[in-house]
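Novice: Take this structure first; my questions come after.
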Amino acid sequence: MPPIVQATDGIDRNALRVLITGFGVSTLPITTHPCTHNPVRPQPFGKYANNPSWLAVKLLHNTILYTDPPADILAPSDGAAMITDEMEEFLRRPQQIHITTLEVPVAYHSVLSTVPGLHGRPPVLPRPNDPTFAVPPPPTNGYDFIFHVGVAGRGPLRIERIGHKNGYRMRDAEGEYAPIVHLPKDPIRDTADAELERMERMLVGASLPGPSGPEGPGPAEVLEIPSVPNRGFGKGYENFPDELSTEIDVPKLIVHLKENGIDQVYSSMDAGHYLCDYMFYCSLAEARRNITPQEKFKERSTPPKSTPVLFMHCPPVDQPLSTEQVTDAIQRIVLWVCGRLHQP
């Protein structure tokens with residue numbers, strides 16, 4: 001495991017800036033138990049008094065890592081800008097990576113009010129309740145890498161590849177649903193859905209006895225089953241597709257992790273249509289919305305590039321990975337991604 005080094009000497013002005021989020025705190029007020037009169041704090045996520053994702057992430061707040069210099073500087077391809085001596089010297093130096101962490105409530109409204117600011121130029125982060133996790137001044141031109149971590153069920157680490165725009169049916173930790181979104185009309189799909197709904201009503205009605213009369217039971221009553229509204233991303237996200245993919249090469253990342261001793265990890269195409277998926281899609285969309293020219297090498301003619309975004313699910317503590325093992329995997333992912341950010 002790479003050593004956890006606190007950034008006691010400040011942040012190098014050339015450091016790569018990484019933001020890592022974990023789920024945790026609730027925005028619900030603290031209540032009083034009716035019998036014991038003790039304060040009752042809302043739990044961050046279901047049965048977890050402390051969300052396992054935040055337990056692993058918070059250990060890295062205000063810490064630094066260093067990228068390994070590449071063994072060889074790649075030759076520029078046809079049409080690419082030449083690598084100057086200054087750039088080559090810069091690329092061969094181990095580069096500092098500074099990590100900031102942020103705890104986000106397990107609530108749809110918190111995602112919508114927090115994530116867009118993370119991708120701002122400069123970023124705008126909410127003030128943490130715990131002063132221990134005070135946010136260092138964000139980079140003016142935005143973070144170089146934004147990494148989200150959330151908890152899933154027992155099993156390996158799961159690195160997600162796709163975020164979804166619609167289909168969020170579950171309540172969040174505060175008992176609230178995602179916003180209702182009215183999808184554009186699709187005549188063919190609407191007709192098929194209406195026919196399927198009509199058949200479902202008939203089947204449900206046929207299974208129930210009708211009103212009795214002198215000649216026996218009458219025809220079954222057709223029940224009206226209310227349709228389930230679509231929920232997800234609406235206003236402000238109309239021009240984004242139903243699915244967004246991370247630009248990070250997840251299969252290569254998985255191979256790298258396994259080659260370095262992290263066997264309990266695999267990639268996933270389904271982030272779950274819950275808060276983790278909601279966070280991932282929102283962050284991917286905001287990264288695309290805020291595409292800007294690369295700033296690290298201003299003398300190079302580089303195309304505009306969005307901030308790399310990744311989401312990883314971790315298991316509950318010791319099911320089977322410990323908090324320290326998850327933290328180790330997070331560090332190794334940060335090193336791998338940052339080591340490839342500005343390769344020619």
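Each chain in the structure tokens gets a letter, A, B and so on, in the order shown; residues start at 1 in every chain, and ligands are counted from 1 in the order they appear.
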His256 of chain A: which residues within 12 Å, counting only C-alpha atoms, same-chain residues fewer than 3 positions away excluded, as number ranges by chain?

Specialist: A: 249-253, 259-263, 265-266, 329, 332-333, 335-337

Novice: Keeping only C-alpha atoms, write the selected residues as an mmCIF file, in the first residue's frame.

Specialist:
data_model
loop_
_atom_site.group_PDB
_atom_site.id
_atom_site.type_symbol
_atom_site.label_atom_id
_atom_site.label_comp_id
_atom_site.auth_asym_id
_atom_site.auth_seq_id
_atom_site.Cartn_x
_atom_site.Cartn_y
_atom_site.Cartn_z
ATOM 1 C CA ASP A 249 -10.042 2.661 -19.949
ATOM 2 C CA VAL A 250 -11.564 0.503 -17.216
ATOM 3 C CA PRO A 251 -10.511 -2.905 -18.670
ATOM 4 C CA LYS A 252 -6.848 -1.788 -18.705
ATOM 5 C CA LEU A 253 -7.229 -0.426 -15.200
ATOM 6 C CA GLU A 259 -1.183 -7.437 -11.793
ATOM 7 C CA ASN A 260 -0.442 -5.464 -8.622
ATOM 8 C CA GLY A 261 -2.119 -7.845 -6.207
ATOM 9 C CA ILE A 262 -5.699 -6.534 -6.107
ATOM 10 C CA ASP A 263 -7.636 -9.596 -7.253
ATOM 11 C CA VAL A 265 -12.068 -6.294 -8.513
ATOM 12 C CA TYR A 266 -14.069 -6.351 -11.735
ATOM 13 C CA ALA A 329 -7.156 0.240 -4.111
ATOM 14 C CA ARG A 332 -3.561 2.708 -6.799
ATOM 15 C CA ILE A 333 -6.403 3.781 -9.071
ATOM 16 C CA LEU A 335 -1.871 6.758 -9.372
ATOM 17 C CA TRP A 336 -2.782 4.820 -12.529
ATOM 18 C CA VAL A 337 -5.241 7.417 -13.825
#

Novice: Can you tell me, as number ranges by chain, what residues are no more than 9 Å from Val135 of chain A when counting only C-alpha atoms, ignoring any on the same chain fewer than 3 positions away?

Specialist: A: 61-62, 100-102, 125-128, 131, 138

Novice: Which distance in Å separates atom CA of Asp328 of chain A and atom CA of Gly153 of chain A, to one decimal?

Specialist: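 We find that atom CA of Asp328 of chain A and atom CA of Gly153 of chain A lie 19.3 Å from each other.
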
Novice: Residues at most 8 Å from Gly234 of chain A, counting only C-alpha atoms, excluding those fewer than 6 positions away in the same chain, as a list of chain:residue names?

Specialist: A:Pro179, A:Ile180, A:Val181, A:His182

Novice: Atoms to include: all heavy atoms. Write the selected residues as a short mmCIF file (atom, residue, chain, number, x, y, z; two decimals), in the first residue's frame.

Specialist:
data_model
loop_
_atom_site.label_atom_id
_atom_site.label_comp_id
_atom_site.auth_asym_id
_atom_site.auth_seq_id
_atom_site.Cartn_x
_atom_site.Cartn_y
_atom_site.Cartn_z
N PRO A 179 -36.34 13.24 -8.99
CA PRO A 179 -37.36 14.04 -9.69
C PRO A 179 -38.06 13.26 -10.81
O PRO A 179 -37.45 12.43 -11.48
CB PRO A 179 -36.55 15.21 -10.27
CG PRO A 179 -35.31 15.27 -9.44
CD PRO A 179 -35.01 13.87 -9.04
N ILE A 180 -39.35 13.55 -10.99
CA ILE A 180 -40.10 12.96 -12.09
C ILE A 180 -39.67 13.63 -13.39
O ILE A 180 -39.51 14.84 -13.46
CB ILE A 180 -41.62 13.13 -11.88
CG1 ILE A 180 -42.07 12.29 -10.68
CG2 ILE A 180 -42.40 12.73 -13.13
CD1 ILE A 180 -43.54 12.46 -10.35
N VAL A 181 -39.45 12.81 -14.41
CA VAL A 181 -39.01 13.31 -15.71
C VAL A 181 -39.97 12.79 -16.78
O VAL A 181 -40.21 11.58 -16.88
CB VAL A 181 -37.57 12.85 -16.05
CG1 VAL A 181 -37.17 13.37 -17.42
CG2 VAL A 181 -36.60 13.32 -14.98
N HIS A 182 -40.55 13.70 -17.55
CA HIS A 182 -41.45 13.32 -18.64
C HIS A 182 -40.62 13.11 -19.90
O HIS A 182 -40.00 14.04 -20.42
CB HIS A 182 -42.50 14.40 -18.86
CG HIS A 182 -43.36 14.63 -17.65
ND1 HIS A 182 -44.34 13.75 -17.25
CD2 HIS A 182 -43.38 15.64 -16.73
CE1 HIS A 182 -44.94 14.19 -16.15
NE2 HIS A 182 -44.36 15.33 -15.82
#

Novice: Quick one: contact table of segment 229-309 of chain A to segment 109-121 of chain A, 10 Å max, nearest atom pair and distance in Å to one decimal per residue, counting only C-alpha atoms, chain and number order, as a tab-separated table?

Specialist:
residue	atom	partner	partner_atom	distance
A:Phe233	CA	A:Leu112	CA	9.2
A:Leu275	CA	A:Val111	CA	8.1
A:Cys276	CA	A:Val111	CA	9.6
A:Tyr278	CA	A:Val111	CA	7.6
A:Met279	CA	A:Val111	CA	6.0
A:Phe280	CA	A:Val115	CA	9.4
A:Cys282	CA	A:Val115	CA	6.8
A:Ser283	CA	A:Val115	CA	6.1
A:Leu284	CA	A:His119	CA	9.7
A:Ala285	CA	A:Pro116	CA	8.9
A:Glu286	CA	A:Pro116	CA	5.9
A:Ala287	CA	A:His119	CA	6.2
A:Arg288	CA	A:His119	CA	9.4
A:Arg289	CA	A:His119	CA	8.8
A:Asn290	CA	A:His119	CA	6.8
A:Ile291	CA	A:His119	CA	9.5
A:Thr292	CA	A:Arg121	CA	9.3
A:Ser306	CA	A:His119	CA	9.6
A:Thr307	CA	A:His119	CA	7.9

Novice: Between A:Leu55, A:Leu257, A:Val317, A:Ala271, which is the closest to Glu103 of chain A once you count only C-alpha atoms?

Specialist: A:Leu55

Novice: Rank nothing, just name the residue among A:Gly22, A:Arg154, A:Pro229, A:Asn14 nearest to Asp318 of chain A, using only C-alpha atoms.

Specialist: A:Arg154

Novice: Can you tell me, as a short mmCIF file (atom, residue, chain, number, x, y, z; two decimals) with N, CA and C atoms, in the first residue's frame, what residues are no more than 7 Å from segment 241-244 of chain A when counting only C-alpha atoms, ignoring any on the same chain fewer than 3 positions away?

Specialist:
data_model
loop_
_atom_site.label_atom_id
_atom_site.label_comp_id
_atom_site.auth_asym_id
_atom_site.auth_seq_id
_atom_site.Cartn_x
_atom_site.Cartn_y
_atom_site.Cartn_z
N ILE A 162 -20.66 2.81 -16.92
CA ILE A 162 -21.78 3.54 -17.52
C ILE A 162 -22.67 4.13 -16.43
N GLY A 163 -23.12 5.37 -16.62
CA GLY A 163 -24.12 6.01 -15.76
C GLY A 163 -25.42 6.15 -16.54
N HIS A 164 -26.55 6.08 -15.83
CA HIS A 164 -27.86 6.09 -16.47
C HIS A 164 -28.65 7.35 -16.12
N LYS A 165 -29.37 7.84 -17.11
CA LYS A 165 -30.13 9.09 -16.97
C LYS A 165 -31.49 8.88 -16.33
N ASN A 166 -32.14 7.76 -16.61
CA ASN A 166 -33.51 7.53 -16.15
C ASN A 166 -33.64 6.18 -15.46
N TYR A 281 -23.76 9.43 -13.20
CA TYR A 281 -24.28 10.07 -14.41
C TYR A 281 -24.18 11.58 -14.31
N LEU A 284 -20.56 12.64 -14.84
CA LEU A 284 -20.16 12.49 -16.24
C LEU A 284 -20.76 13.59 -17.10
#

Novice: Determine the nearest neighbour of Ile248 of chain A from the options A:Ile146, A:Ala49, A:Ala173, A:Cys314, counting only C-alpha atoms.

Specialist: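 Residue with the minimum atom-to-atom distance to Ile248 of chain A: A:Ile146.
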
Novice: Let me make sure I understand: among A:Val149, A:Ala178, A:Ile11, A:Met170, which one has the smallest atom-to-atom distance to Pro315 of chain A if we use only C-alpha atoms?

Specialist: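 Smallest distance to Pro315 of chain A is found for A:Val149.
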
Novice: Of the candidates A:Asn129, A:Ser53, A:Gln325, A:Gln6, which one gets nearest to Ile20 of chain A if we count only C-alpha atoms?

Specialist: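 Comparing A:Asn129, A:Ser53, A:Gln325, A:Gln6 against Ile20 of chain A, the winner is A:Ser53.
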
Novice: Tell me, in Å to one decimal, how far atom CA of Thr246 of chain A is from atom CA of Leu157 of chain A.

Specialist: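 Straight-line distance from atom CA of Thr246 of chain A to atom CA of Leu157 of chain A works out to 17.0 Å.
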
Novice: Atom CA of Gln95 of chain A and atom CA of Leu321 of chain A are how many Å apart?

Specialist: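 Separation between atom CA of Gln95 of chain A and atom CA of Leu321 of chain A: 29.5 Å.
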
Novice: Using only C-alpha atoms, can you tell me which of A:His148, A:Lys305, A:Lys58, A:Arg171 comes closest to Asp130 of chain A?

Specialist: A:Lys58
